[in-house]
$ cat work-v2.cif   # mmCIF, C-alpha atoms
data_start
loop_
_atom_site.label_atom_id
_atom_site.label_comp_id
_atom_site.auth_asym_id
_atom_site.auth_seq_id
_atom_site.Cartn_x
_atom_site.Cartn_y
_atom_site.Cartn_z
CA MET A 1 25.84 -22.10 58.34
CA ILE A 2 25.44 -24.87 55.79
CA ILE A 3 21.65 -25.40 56.05
CA GLN A 4 20.92 -21.75 55.27
CA THR A 5 22.64 -21.97 51.86
CA PHE A 6 19.86 -24.28 50.64
CA PHE A 7 17.16 -21.65 51.22
CA LYS A 8 16.26 -18.33 49.65
CA GLU A 9 14.53 -15.55 51.56
CA LYS A 10 11.31 -13.86 50.54
CA LYS A 11 9.20 -11.08 52.06
CA LEU A 12 5.48 -10.89 51.43
CA ARG A 13 3.13 -7.93 51.88
CA LYS A 14 -0.26 -8.45 53.53
CA ARG A 15 -2.57 -10.29 51.04
CA GLN A 16 0.34 -11.07 48.69
CA LEU A 17 0.02 -14.40 46.88
CA LEU A 18 2.83 -16.94 47.30
CA LEU A 19 1.22 -19.70 45.22
CA GLU A 20 -1.80 -19.64 42.94
CA GLN A 21 -4.03 -22.71 42.71
CA GLY A 22 -3.36 -24.44 39.38
CA GLU A 23 0.36 -23.53 39.30
CA VAL A 24 3.04 -26.06 40.25
CA CYS A 25 4.29 -25.48 43.82
CA ARG A 26 8.07 -25.10 43.40
CA TYR A 27 8.98 -24.42 47.05
CA LEU A 28 8.57 -25.75 50.54
CA SER A 29 8.48 -22.60 52.71
CA PHE A 30 9.41 -22.03 56.33
CA ILE A 31 7.69 -19.07 57.98
CA SER A 32 10.29 -16.93 59.82
CA SER A 33 7.63 -14.37 60.77
CA GLY A 34 4.05 -13.49 59.90
CA LEU A 35 0.80 -15.35 59.27
CA MET A 36 -0.06 -17.29 56.10
CA ARG A 37 -2.97 -19.38 54.86
CA THR A 38 -3.49 -22.23 52.40
CA TYR A 39 -6.91 -22.53 50.74
CA ASN A 40 -8.80 -24.05 47.86
CA VAL A 41 -11.39 -22.27 45.73
CA ASP A 42 -14.08 -24.57 44.32
CA GLU A 43 -15.99 -24.32 41.03
CA LYS A 44 -18.66 -22.12 42.66
CA GLY A 45 -16.04 -19.68 43.96
CA ASN A 46 -16.27 -20.83 47.60
CA GLU A 47 -13.02 -20.77 49.58
CA HIS A 48 -12.09 -23.80 51.71
CA MET A 49 -9.32 -23.13 54.22
CA SER A 50 -6.76 -25.87 54.52
CA LEU A 51 -4.20 -24.49 56.92
CA PHE A 52 -3.03 -21.43 58.81
CA GLY A 53 0.65 -21.08 59.62
CA TRP A 54 2.83 -18.66 61.56
CA GLU A 55 6.43 -18.47 62.87
CA GLY A 56 8.00 -21.91 62.81
CA TRP A 57 5.47 -23.53 60.44
CA TRP A 58 6.18 -25.04 57.04
CA LEU A 59 3.90 -24.40 54.07
CA SER A 60 3.37 -25.81 50.60
CA ASP A 61 0.89 -27.59 48.41
CA PHE A 62 2.69 -30.74 49.48
CA ASN A 63 1.42 -32.99 46.71
CA SER A 64 2.31 -30.44 44.05
CA PHE A 65 5.73 -29.76 45.61
CA LEU A 66 6.65 -33.47 45.73
CA THR A 67 5.06 -34.76 42.51
CA GLY A 68 5.14 -31.72 40.19
CA GLU A 69 1.35 -31.95 39.68
CA THR A 70 -0.55 -28.65 39.65
CA SER A 71 -1.55 -27.32 43.06
CA VAL A 72 -5.09 -27.53 44.43
CA PHE A 73 -4.32 -24.78 46.96
CA SER A 74 -3.47 -21.10 46.83
CA ILE A 75 -1.21 -19.68 49.53
CA ASP A 76 -1.19 -16.03 50.60
CA ALA A 77 -0.17 -13.78 53.48
CA ILE A 78 -2.77 -12.73 56.08
CA GLU A 79 -0.12 -10.54 57.74
CA PRO A 80 3.21 -9.28 56.28
CA SER A 81 5.45 -12.37 56.37
CA GLU A 82 9.04 -13.51 55.90
CA LEU A 83 9.82 -16.91 54.44
CA LEU A 84 12.76 -19.26 53.88
CA MET A 85 12.08 -21.24 50.71
CA ILE A 86 13.66 -24.42 49.38
CA THR A 87 13.19 -26.20 46.03
CA LEU A 88 12.56 -29.96 45.82
CA ALA A 89 16.06 -30.54 44.41
CA ASP A 90 17.62 -28.62 47.30
CA TYR A 91 15.34 -30.32 49.83
CA GLU A 92 16.61 -33.71 48.59
CA ALA A 93 20.19 -32.42 48.54
CA LEU A 94 19.84 -31.02 52.05
CA THR A 95 18.63 -34.33 53.54
CA LEU A 96 21.53 -36.13 51.83
CA ALA A 97 24.08 -33.54 52.99
CA VAL A 98 22.66 -33.32 56.54
CA PRO A 99 21.06 -36.69 57.44
CA LEU A 100 19.77 -35.20 60.69
CA MET A 101 17.32 -33.26 58.50
CA ASP A 102 15.65 -36.57 57.61
CA ARG A 103 15.06 -36.99 61.33
CA TYR A 104 13.85 -33.40 61.67
CA PHE A 105 11.33 -33.74 58.85
CA ARG A 106 10.32 -37.25 59.99
CA ILE A 107 9.29 -35.82 63.37
CA LEU A 108 7.72 -32.72 61.78
CA TYR A 109 5.57 -34.94 59.53
CA GLN A 110 4.58 -37.20 62.44
CA ASN A 111 3.11 -34.16 64.20
CA SER A 112 1.47 -32.98 61.03
CA LEU A 113 -0.13 -36.40 60.49
CA ILE A 114 -1.59 -36.33 64.00
CA THR A 115 -3.13 -32.90 63.33
CA LYS A 116 -4.57 -33.97 59.98
CA GLU A 117 -5.94 -37.21 61.42
CA LYS A 118 -7.75 -35.33 64.19
CA ARG A 119 -9.15 -32.82 61.74
CA LEU A 120 -10.30 -35.52 59.33
CA LEU A 121 -12.11 -37.43 62.07
CA SER A 122 -13.62 -34.20 63.35
CA SER A 123 -14.85 -33.25 59.87
CA ILE A 124 -16.60 -36.60 59.54
CA LYS A 125 -18.24 -36.95 62.94
CA HIS A 126 -18.58 -33.58 64.67
CA THR A 127 -21.19 -30.83 64.55
CA ALA A 128 -20.07 -27.24 63.90
CA GLU A 129 -20.13 -26.45 67.62
CA GLU A 130 -18.09 -29.54 68.50
CA LYS A 131 -15.55 -28.64 65.81
CA TYR A 132 -15.20 -25.15 67.25
CA LEU A 133 -14.75 -26.50 70.79
CA GLN A 134 -12.15 -29.00 69.61
CA LEU A 135 -10.24 -26.26 67.81
CA ALA A 136 -10.37 -24.07 70.93
CA ASP A 137 -8.99 -27.01 72.88
CA THR A 138 -6.25 -28.15 70.50
CA ASN A 139 -5.23 -24.88 68.85
CA PRO A 140 -6.21 -21.78 70.90
CA GLU A 141 -3.37 -19.84 69.20
CA MET A 142 -5.24 -20.12 65.88
CA LEU A 143 -8.42 -18.62 67.36
CA LYS A 144 -6.43 -15.68 68.73
CA ARG A 145 -4.53 -14.91 65.53
CA VAL A 146 -6.81 -15.70 62.62
CA PRO A 147 -9.78 -13.51 61.58
CA GLN A 148 -13.24 -14.96 62.35
CA ASN A 149 -14.41 -15.26 58.76
CA LEU A 150 -11.36 -17.42 57.94
CA ILE A 151 -11.93 -19.59 61.03
CA ALA A 152 -15.50 -20.17 59.83
CA SER A 153 -14.22 -21.25 56.43
CA TYR A 154 -11.64 -23.52 58.11
CA LEU A 155 -14.46 -25.22 60.03
CA GLY A 156 -16.58 -25.44 56.89
CA ILE A 157 -19.39 -23.32 58.34
CA ALA A 158 -20.97 -19.92 57.56
CA PRO A 159 -19.54 -16.89 59.45
CA GLU A 160 -23.04 -16.34 60.95
CA THR A 161 -23.05 -19.89 62.33
CA LEU A 162 -19.65 -19.33 63.97
CA SER A 163 -20.83 -16.03 65.42
CA ARG A 164 -23.94 -17.76 66.86
CA ILE A 165 -21.82 -20.55 68.38
CA ARG A 166 -19.44 -18.04 69.99
CA LYS A 167 -22.31 -16.01 71.48
CA LYS A 168 -23.96 -19.15 72.81
CA LEU A 169 -20.73 -20.32 74.45
CA ILE A 170 -20.03 -16.91 76.00
CA HIS A 171 -23.54 -16.72 77.48
CA SER A 172 -23.60 -20.34 78.58
CA PRO A 173 -23.31 -20.64 82.39
CA THR A 174 -20.63 -23.34 82.05
CA GLY A 175 -18.85 -21.72 79.05
CA MET B 1 19.17 -58.89 60.09
CA ILE B 2 19.33 -56.04 62.60
CA ILE B 3 16.05 -54.26 61.74
CA GLN B 4 14.00 -57.40 62.32
CA THR B 5 15.13 -57.69 65.95
CA PHE B 6 13.17 -54.53 66.78
CA PHE B 7 9.85 -56.10 65.75
CA LYS B 8 7.64 -58.84 67.08
CA GLU B 9 5.37 -60.92 64.84
CA LYS B 10 1.64 -61.36 65.32
CA LYS B 11 -1.04 -63.28 63.41
CA LEU B 12 -4.66 -62.17 63.46
CA ARG B 13 -7.78 -64.15 62.54
CA LYS B 14 -10.48 -62.53 60.44
CA ARG B 15 -12.36 -59.95 62.59
CA GLN B 16 -9.76 -60.15 65.40
CA LEU B 17 -9.21 -56.87 67.21
CA LEU B 18 -5.67 -55.46 67.30
CA LEU B 19 -6.53 -52.24 69.17
CA GLU B 20 -9.71 -51.19 70.93
CA GLN B 21 -10.74 -47.53 70.91
CA GLY B 22 -10.02 -46.06 74.36
CA GLU B 23 -6.91 -48.16 74.97
CA VAL B 24 -3.42 -46.75 74.51
CA CYS B 25 -1.91 -47.83 71.17
CA ARG B 26 1.40 -49.48 72.17
CA TYR B 27 2.57 -50.54 68.69
CA LEU B 28 3.18 -49.27 65.21
CA SER B 29 2.34 -52.25 62.97
CA PHE B 30 3.58 -53.19 59.52
CA ILE B 31 1.22 -55.45 57.54
CA SER B 32 3.17 -58.40 56.06
CA SER B 33 -0.02 -59.92 54.66
CA GLY B 34 -3.76 -59.47 54.94
CA LEU B 35 -6.23 -56.60 55.10
CA MET B 36 -6.87 -54.39 58.13
CA ARG B 37 -9.02 -51.39 58.97
CA THR B 38 -8.91 -48.47 61.40
CA TYR B 39 -12.22 -46.95 62.51
CA ASN B 40 -13.89 -44.78 65.11
CA VAL B 41 -17.23 -45.50 66.75
CA ASP B 42 -19.13 -42.36 67.79
CA GLU B 43 -21.50 -41.82 70.72
CA LYS B 44 -24.47 -42.99 68.64
CA GLY B 45 -22.70 -46.24 67.69
CA ASN B 46 -21.95 -45.20 64.11
CA GLU B 47 -18.66 -46.44 62.66
CA HIS B 48 -16.42 -44.00 60.78
CA MET B 49 -13.69 -45.66 58.71
CA SER B 50 -10.34 -43.97 58.89
CA LEU B 51 -8.07 -46.23 56.87
CA PHE B 52 -7.75 -49.57 55.11
CA GLY B 53 -4.34 -51.16 54.86
CA TRP B 54 -2.87 -54.25 53.24
CA GLU B 55 0.61 -55.71 52.52
CA GLY B 56 3.24 -53.00 52.89
CA TRP B 57 1.09 -50.55 54.90
CA TRP B 58 1.73 -49.29 58.42
CA LEU B 59 -1.07 -49.03 60.96
CA SER B 60 -1.60 -47.41 64.36
CA ASP B 61 -3.63 -44.83 66.17
CA PHE B 62 -0.70 -42.52 65.47
CA ASN B 63 -1.54 -39.89 68.07
CA SER B 64 -2.00 -42.52 70.77
CA PHE B 65 1.18 -44.37 69.74
CA LEU B 66 3.32 -41.23 69.86
CA THR B 67 1.79 -39.36 72.81
CA GLY B 68 0.46 -42.16 75.03
CA GLU B 69 -3.04 -40.62 74.98
CA THR B 70 -5.95 -43.06 74.62
CA SER B 71 -6.79 -44.07 71.06
CA VAL B 72 -9.79 -42.71 69.16
CA PHE B 73 -9.63 -45.61 66.71
CA SER B 74 -10.13 -49.36 66.86
CA ILE B 75 -8.12 -51.56 64.52
CA ASP B 76 -9.19 -55.02 63.37
CA ALA B 77 -8.57 -57.57 60.62
CA ILE B 78 -10.93 -57.73 57.63
CA GLU B 79 -8.97 -60.75 56.35
CA PRO B 80 -6.54 -63.04 58.26
CA SER B 81 -3.39 -60.91 58.61
CA GLU B 82 0.24 -61.06 59.66
CA LEU B 83 1.90 -58.09 61.32
CA LEU B 84 5.34 -56.90 62.38
CA MET B 85 4.91 -54.71 65.46
CA ILE B 86 7.26 -52.21 67.09
CA THR B 87 6.94 -50.29 70.38
CA LEU B 88 7.61 -46.55 70.58
CA ALA B 89 10.84 -47.14 72.52
CA ASP B 90 12.06 -49.58 69.86
CA TYR B 91 10.92 -47.28 67.07
CA GLU B 92 13.07 -44.51 68.55
CA ALA B 93 15.94 -46.94 69.12
CA LEU B 94 15.66 -48.23 65.55
CA THR B 95 15.92 -44.77 63.98
CA LEU B 96 18.96 -44.03 66.16
CA ALA B 97 20.62 -47.38 65.34
CA VAL B 98 19.77 -47.18 61.62
CA PRO B 99 19.60 -43.50 60.56
CA LEU B 100 18.37 -44.54 57.13
CA MET B 101 15.09 -45.46 58.86
CA ASP B 102 14.56 -41.75 59.56
CA ARG B 103 14.74 -41.26 55.81
CA TYR B 104 12.43 -44.21 55.21
CA PHE B 105 9.77 -42.94 57.62
CA ARG B 106 10.21 -39.34 56.43
CA ILE B 107 9.31 -40.42 52.89
CA LEU B 108 6.54 -42.74 54.14
CA TYR B 109 4.97 -39.87 56.08
CA GLN B 110 5.28 -37.50 53.13
CA ASN B 111 3.15 -39.87 51.07
CA SER B 112 0.72 -40.34 53.91
CA LEU B 113 0.34 -36.56 54.31
CA ILE B 114 -0.48 -36.23 50.61
CA THR B 115 -3.20 -38.89 50.92
CA LYS B 116 -4.69 -37.30 54.04
CA GLU B 117 -4.61 -33.82 52.51
CA LYS B 118 -6.49 -35.03 49.42
CA ARG B 119 -9.06 -36.85 51.54
CA LEU B 120 -9.56 -33.84 53.82
CA LEU B 121 -10.14 -31.50 50.90
CA SER B 122 -12.44 -34.05 49.30
CA SER B 123 -14.45 -34.43 52.51
CA ILE B 124 -14.98 -30.67 52.67
CA LYS B 125 -15.84 -29.87 49.07
CA HIS B 126 -17.04 -32.95 47.19
CA THR B 127 -20.42 -34.63 46.81
CA ALA B 128 -20.71 -38.37 47.53
CA GLU B 129 -20.45 -39.18 43.83
CA GLU B 130 -17.36 -37.01 43.36
CA LYS B 131 -15.74 -38.66 46.40
CA TYR B 132 -16.37 -42.09 44.93
CA LEU B 133 -14.94 -41.06 41.55
CA GLN B 134 -11.86 -39.60 43.19
CA LEU B 135 -11.32 -42.78 45.18
CA ALA B 136 -11.71 -44.89 42.02
CA ASP B 137 -9.11 -42.66 40.40
CA THR B 138 -6.55 -42.46 43.21
CA ASN B 139 -7.00 -45.85 44.90
CA PRO B 140 -8.66 -48.48 42.64
CA GLU B 141 -6.97 -51.22 44.73
CA MET B 142 -9.10 -50.23 47.70
CA LEU B 143 -12.33 -50.56 45.71
CA LYS B 144 -11.28 -54.05 44.60
CA ARG B 145 -10.31 -55.35 48.03
CA VAL B 146 -12.61 -53.73 50.57
CA PRO B 147 -16.28 -54.74 51.07
CA GLN B 148 -18.85 -52.20 49.80
CA ASN B 149 -20.40 -51.41 53.19
CA LEU B 150 -16.96 -50.42 54.53
CA ILE B 151 -16.24 -48.28 51.46
CA ALA B 152 -19.53 -46.47 52.08
CA SER B 153 -18.53 -45.81 55.68
CA TYR B 154 -15.08 -44.60 54.49
CA LEU B 155 -16.81 -42.10 52.19
CA GLY B 156 -19.19 -41.07 54.96
CA ILE B 157 -22.31 -42.12 53.02
CA ALA B 158 -25.05 -44.76 53.44
CA PRO B 159 -24.47 -48.15 51.71
CA GLU B 160 -27.65 -47.52 49.64
CA THR B 161 -26.22 -44.20 48.39
CA LEU B 162 -23.01 -45.95 47.30
CA SER B 163 -24.99 -48.68 45.59
CA ARG B 164 -27.04 -46.03 43.72
CA ILE B 165 -23.89 -44.17 42.64
CA ARG B 166 -22.29 -47.37 41.34
CA LYS B 167 -25.40 -48.34 39.36
CA LYS B 168 -25.65 -44.86 37.88
CA LEU B 169 -21.99 -44.89 36.80
CA ILE B 170 -22.24 -48.38 35.27
CA HIS B 171 -25.30 -47.39 33.24
CA SER B 172 -23.97 -43.99 32.23
CA PRO B 173 -23.00 -43.87 28.50
CA THR B 174 -19.60 -42.36 29.36
CA GLY B 175 -19.04 -44.37 32.58
#
$ encode --input "work-v2.cif" --output "structure tokens"
Amino acid sequence: MIIQTFFKEKKLRKRQLLLEQGEVCRYLSFISSGLMRTYNVDEKGNEHMSLFGWEGWWLSDFNSFLTGETSVFSIDAIEPSELLMITLADYEALTLAVPLMDRYFRILYQNSLITKEKRLLSSIKHTAEEKYLQLADTNPEMLKRVPQNLIASYLGIAPETLSRIRKKLIHSPTG
Amino acid sequence: MIIQTFFKEKKLRKRQLLLEQGEVCRYLSFISSGLMRTYNVDEKGNEHMSLFGWEGWWLSDFNSFLTGETSVFSIDAIEPSELLMITLADYEALTLAVPLMDRYFRILYQNSLITKEKRLLSSIKHTAEEKYLQLADTNPEMLKRVPQNLIASYLGIAPETLSRIRKKLIHSPTG
């Protein structure tokens, strides 16, 4: 199959690093199986989750991949994972060879923009509890698969705060 | 020219509303001239800027446009503006009639994803002053064109805080 020839396969162990913050991100990666995360570490050593991805998701430091600038994110495996990886040159070649891939990625990016827009608005206007409820509503799969401490980081709150919110919701008569 | 037949033109006066939060967003709009903004108003009546756009930018409540859900953003004109507007049906028809438009939008959305990713990370990890400096670095055009009170709202800070940051930077020996 022609599309497959543009990709190389890679297997990652649990906790194995795919990309280290500060490197240039050379690949756009499709997750065939497993669970991965993208995160930034700030000057004080605090981790800020950007994204969790599993089967069917694409991962990269997108700015770094497209522009060749150094990445602001690290990417590693939360569970053992299998990836299909493509370089920028092959990504461009693929969309020229198979124009339907332009359409595929156009629609993929539309959906990604919607997700990012919702998250951005939520980060500006919602309290921690509202953010958690919105996540439960829009992405219940993430809450099932991803460890609690990483969810807390994704929401930009302390693990204790998340634990308090969850207890409150469980014990709430309407929750 | 075939592409043009998919769009209808619209002129907006200064402050005229293009989309009201809570309506369904029926159009994706290309700005031919002018300056527009997209913003959300929360339950307490506070405005949260999402985006400023001028000549060459595309505007919509993207989720509402694509899914038919009600919009979480209002869109209005900061300056008198001229738009080219396309419905979802015509947007789909256009990309089928002119496959190169898939490529065009794919690349447009790539760039938009990069911008949103940077802003999201910045909103999570940066102080108000760092956010302002990053904006000055990545989008000086916005600082030139958009009124200060709207920039403050975009950064999620009070106008007085922005004014203090700007004074501090102007008077700083390295600034």
$ closest_residue --input "work-v2.cif" --among "B:Asp76, B:Glu82, B:Glu55, B:Asp102" --to "chain A" --atoms "all atoms listed in the file"
B:Asp102
$ resolve_selection --input "work-v2.cif" --expression "the PyMOL selection byres ((chain A and resi 60) around 8)" --output "PyMOL selection string"
chain A and resi 25+27-29+38+58-59+61-62+65+75
$ closest_residue --input "work-v2.cif" --among "B:Leu35, B:Ile114, B:Val41, B:Leu162" --to "Ser71 in chain B" --atoms "only C-alpha atoms"
B:Val41
$ resolve_selection --input "work-v2.cif" --expression "the PyMOL selection byres ((chain B and resi 7) around 7)" --output "compact mmCIF listing (two decimals) with C-alpha atoms, in the frame of the given file"
# COMPACT_ATOMS: atom_id res chain seq x y z
CA GLN B 4 14.00 -57.40 62.32
CA THR B 5 15.13 -57.69 65.95
CA PHE B 6 13.17 -54.53 66.78
CA LYS B 8 7.64 -58.84 67.08
CA GLU B 9 5.37 -60.92 64.84
CA LEU B 84 5.34 -56.90 62.38
CA MET B 85 4.91 -54.71 65.46
CA ILE B 86 7.26 -52.21 67.09
$ residues_around --input "work-v2.cif" --residues "Gly156 in chain B" --least-positions-apart "3" --cutoff "10 Å" --atoms "all atoms listed in the file" --output "list in words"
Ile124 and Lys125 of chain A; Glu47, His48, Met49, Ser123, Ala128, Lys131, Leu150, Ile151, Ala152, Ser153, Pro159 and Leu162 of chain B
$ write_last_selection --input "work-v2.cif" --atoms "C-alpha atoms" --output "compact mmCIF listing (two decimals), keeping the file's coordinate frame"
# COMPACT_ATOMS: atom_id res chain seq x y z
CA ILE A 124 -16.60 -36.60 59.54
CA LYS A 125 -18.24 -36.95 62.94
CA GLU B 47 -18.66 -46.44 62.66
CA HIS B 48 -16.42 -44.00 60.78
CA MET B 49 -13.69 -45.66 58.71
CA SER B 123 -14.45 -34.43 52.51
CA ALA B 128 -20.71 -38.37 47.53
CA LYS B 131 -15.74 -38.66 46.40
CA LEU B 150 -16.96 -50.42 54.53
CA ILE B 151 -16.24 -48.28 51.46
CA ALA B 152 -19.53 -46.47 52.08
CA SER B 153 -18.53 -45.81 55.68
CA PRO B 159 -24.47 -48.15 51.71
CA LEU B 162 -23.01 -45.95 47.30
$ resolve_selection --input "work-v2.cif" --expression "the PyMOL selection byres ((chain A) within 9 of (chain B))" --output "ChimeraX atom specification"
/A:40,42,48,50,62-63,66,95,99-121,123-125,156
$ residues_around --input "work-v2.cif" --residues "Lys11 in chain A" --least-positions-apart "6" --cutoff "10 Å" --atoms "all atoms listed in the file" --output "list in words"
Leu18, Ser32, Ser33, Gly34, Ala77, Pro80, Ser81, Glu82, Leu83 and Leu84 of chain A
$ atom_distance --input "work-v2.cif" --atom1 "CA of Met36 in chain B" --atom2 "CA of Gly53 in chain B"
5.2 Å
$ build_atoms --input "work-v2.cif" --residues "range 76-97 of chain A" --atoms "N, CA and C atoms" --output "PDB file, in the coordinates of the input"
ATOM      1  N   ASP A  76      -1.488 -17.461  50.533  1.00  0.00           N
ATOM      2  CA  ASP A  76      -1.190 -16.030  50.600  1.00  0.00           C
ATOM      3  C   ASP A  76      -0.941 -15.580  52.038  1.00  0.00           C
ATOM      4  N   ALA A  77      -0.548 -14.328  52.171  1.00  0.00           N
ATOM      5  CA  ALA A  77      -0.170 -13.780  53.480  1.00  0.00           C
ATOM      6  C   ALA A  77      -1.356 -13.058  54.111  1.00  0.00           C
ATOM      7  N   ILE A  78      -1.722 -13.449  55.340  1.00  0.00           N
ATOM      8  CA  ILE A  78      -2.770 -12.730  56.080  1.00  0.00           C
ATOM      9  C   ILE A  78      -2.148 -11.505  56.745  1.00  0.00           C
ATOM     10  N   GLU A  79      -0.913 -11.653  57.210  1.00  0.00           N
ATOM     11  CA  GLU A  79      -0.120 -10.540  57.740  1.00  0.00           C
ATOM     12  C   GLU A  79       1.170 -10.461  56.931  1.00  0.00           C
ATOM     13  N   PRO A  80       1.902  -9.327  56.948  1.00  0.00           N
ATOM     14  CA  PRO A  80       3.210  -9.280  56.280  1.00  0.00           C
ATOM     15  C   PRO A  80       4.068 -10.423  56.835  1.00  0.00           C
ATOM     16  N   SER A  81       4.759 -11.153  55.939  1.00  0.00           N
ATOM     17  CA  SER A  81       5.450 -12.370  56.370  1.00  0.00           C
ATOM     18  C   SER A  81       6.826 -12.489  55.740  1.00  0.00           C
ATOM     19  N   GLU A  82       7.716 -13.203  56.438  1.00  0.00           N
ATOM     20  CA  GLU A  82       9.040 -13.510  55.900  1.00  0.00           C
ATOM     21  C   GLU A  82       9.231 -15.011  55.829  1.00  0.00           C
ATOM     22  N   LEU A  83       9.704 -15.476  54.676  1.00  0.00           N
ATOM     23  CA  LEU A  83       9.820 -16.910  54.440  1.00  0.00           C
ATOM     24  C   LEU A  83      11.243 -17.319  54.096  1.00  0.00           C
ATOM     25  N   LEU A  84      11.565 -18.590  54.406  1.00  0.00           N
ATOM     26  CA  LEU A  84      12.760 -19.260  53.880  1.00  0.00           C
ATOM     27  C   LEU A  84      12.264 -20.370  52.969  1.00  0.00           C
ATOM     28  N   MET A  85      12.664 -20.324  51.693  1.00  0.00           N
ATOM     29  CA  MET A  85      12.080 -21.240  50.710  1.00  0.00           C
ATOM     30  C   MET A  85      13.139 -22.170  50.121  1.00  0.00           C
ATOM     31  N   ILE A  86      12.725 -23.437  49.921  1.00  0.00           N
ATOM     32  CA  ILE A  86      13.660 -24.420  49.380  1.00  0.00           C
ATOM     33  C   ILE A  86      12.981 -25.168  48.230  1.00  0.00           C
ATOM     34  N   THR A  87      13.732 -25.432  47.163  1.00  0.00           N
ATOM     35  CA  THR A  87      13.190 -26.200  46.030  1.00  0.00           C
ATOM     36  C   THR A  87      13.252 -27.695  46.366  1.00  0.00           C
ATOM     37  N   LEU A  88      12.541 -28.508  45.591  1.00  0.00           N
ATOM     38  CA  LEU A  88      12.560 -29.960  45.820  1.00  0.00           C
ATOM     39  C   LEU A  88      13.971 -30.518  45.660  1.00  0.00           C
ATOM     40  N   ALA A  89      14.692 -30.050  44.627  1.00  0.00           N
ATOM     41  CA  ALA A  89      16.060 -30.540  44.410  1.00  0.00           C
ATOM     42  C   ALA A  89      16.944 -30.215  45.610  1.00  0.00           C
ATOM     43  N   ASP A  90      16.802 -28.999  46.145  1.00  0.00           N
ATOM     44  CA  ASP A  90      17.620 -28.620  47.300  1.00  0.00           C
ATOM     45  C   ASP A  90      17.164 -29.308  48.582  1.00  0.00           C
ATOM     46  N   TYR A  91      15.878 -29.576  48.675  1.00  0.00           N
ATOM     47  CA  TYR A  91      15.340 -30.320  49.830  1.00  0.00           C
ATOM     48  C   TYR A  91      15.943 -31.727  49.844  1.00  0.00           C
ATOM     49  N   GLU A  92      15.997 -32.373  48.680  1.00  0.00           N
ATOM     50  CA  GLU A  92      16.610 -33.710  48.590  1.00  0.00           C
ATOM     51  C   GLU A  92      18.111 -33.611  48.886  1.00  0.00           C
ATOM     52  N   ALA A  93      18.745 -32.594  48.322  1.00  0.00           N
ATOM     53  CA  ALA A  93      20.190 -32.420  48.540  1.00  0.00           C
ATOM     54  C   ALA A  93      20.492 -32.148  50.011  1.00  0.00           C
ATOM     55  N   LEU A  94      19.640 -31.359  50.643  1.00  0.00           N
ATOM     56  CA  LEU A  94      19.840 -31.020  52.050  1.00  0.00           C
ATOM     57  C   LEU A  94      19.763 -32.270  52.939  1.00  0.00           C
ATOM     58  N   THR A  95      18.768 -33.131  52.698  1.00  0.00           N
ATOM     59  CA  THR A  95      18.630 -34.330  53.540  1.00  0.00           C
ATOM     60  C   THR A  95      19.778 -35.305  53.290  1.00  0.00           C
ATOM     61  N   LEU A  96      20.353 -35.283  52.087  1.00  0.00           N
ATOM     62  CA  LEU A  96      21.530 -36.130  51.830  1.00  0.00           C
ATOM     63  C   LEU A  96      22.775 -35.533  52.479  1.00  0.00           C
ATOM     64  N   ALA A  97      22.897 -34.198  52.424  1.00  0.00           N
ATOM     65  CA  ALA A  97      24.080 -33.540  52.990  1.00  0.00           C
ATOM     66  C   ALA A  97      24.034 -33.533  54.531  1.00  0.00           C
TER      67      ALA A  97
END
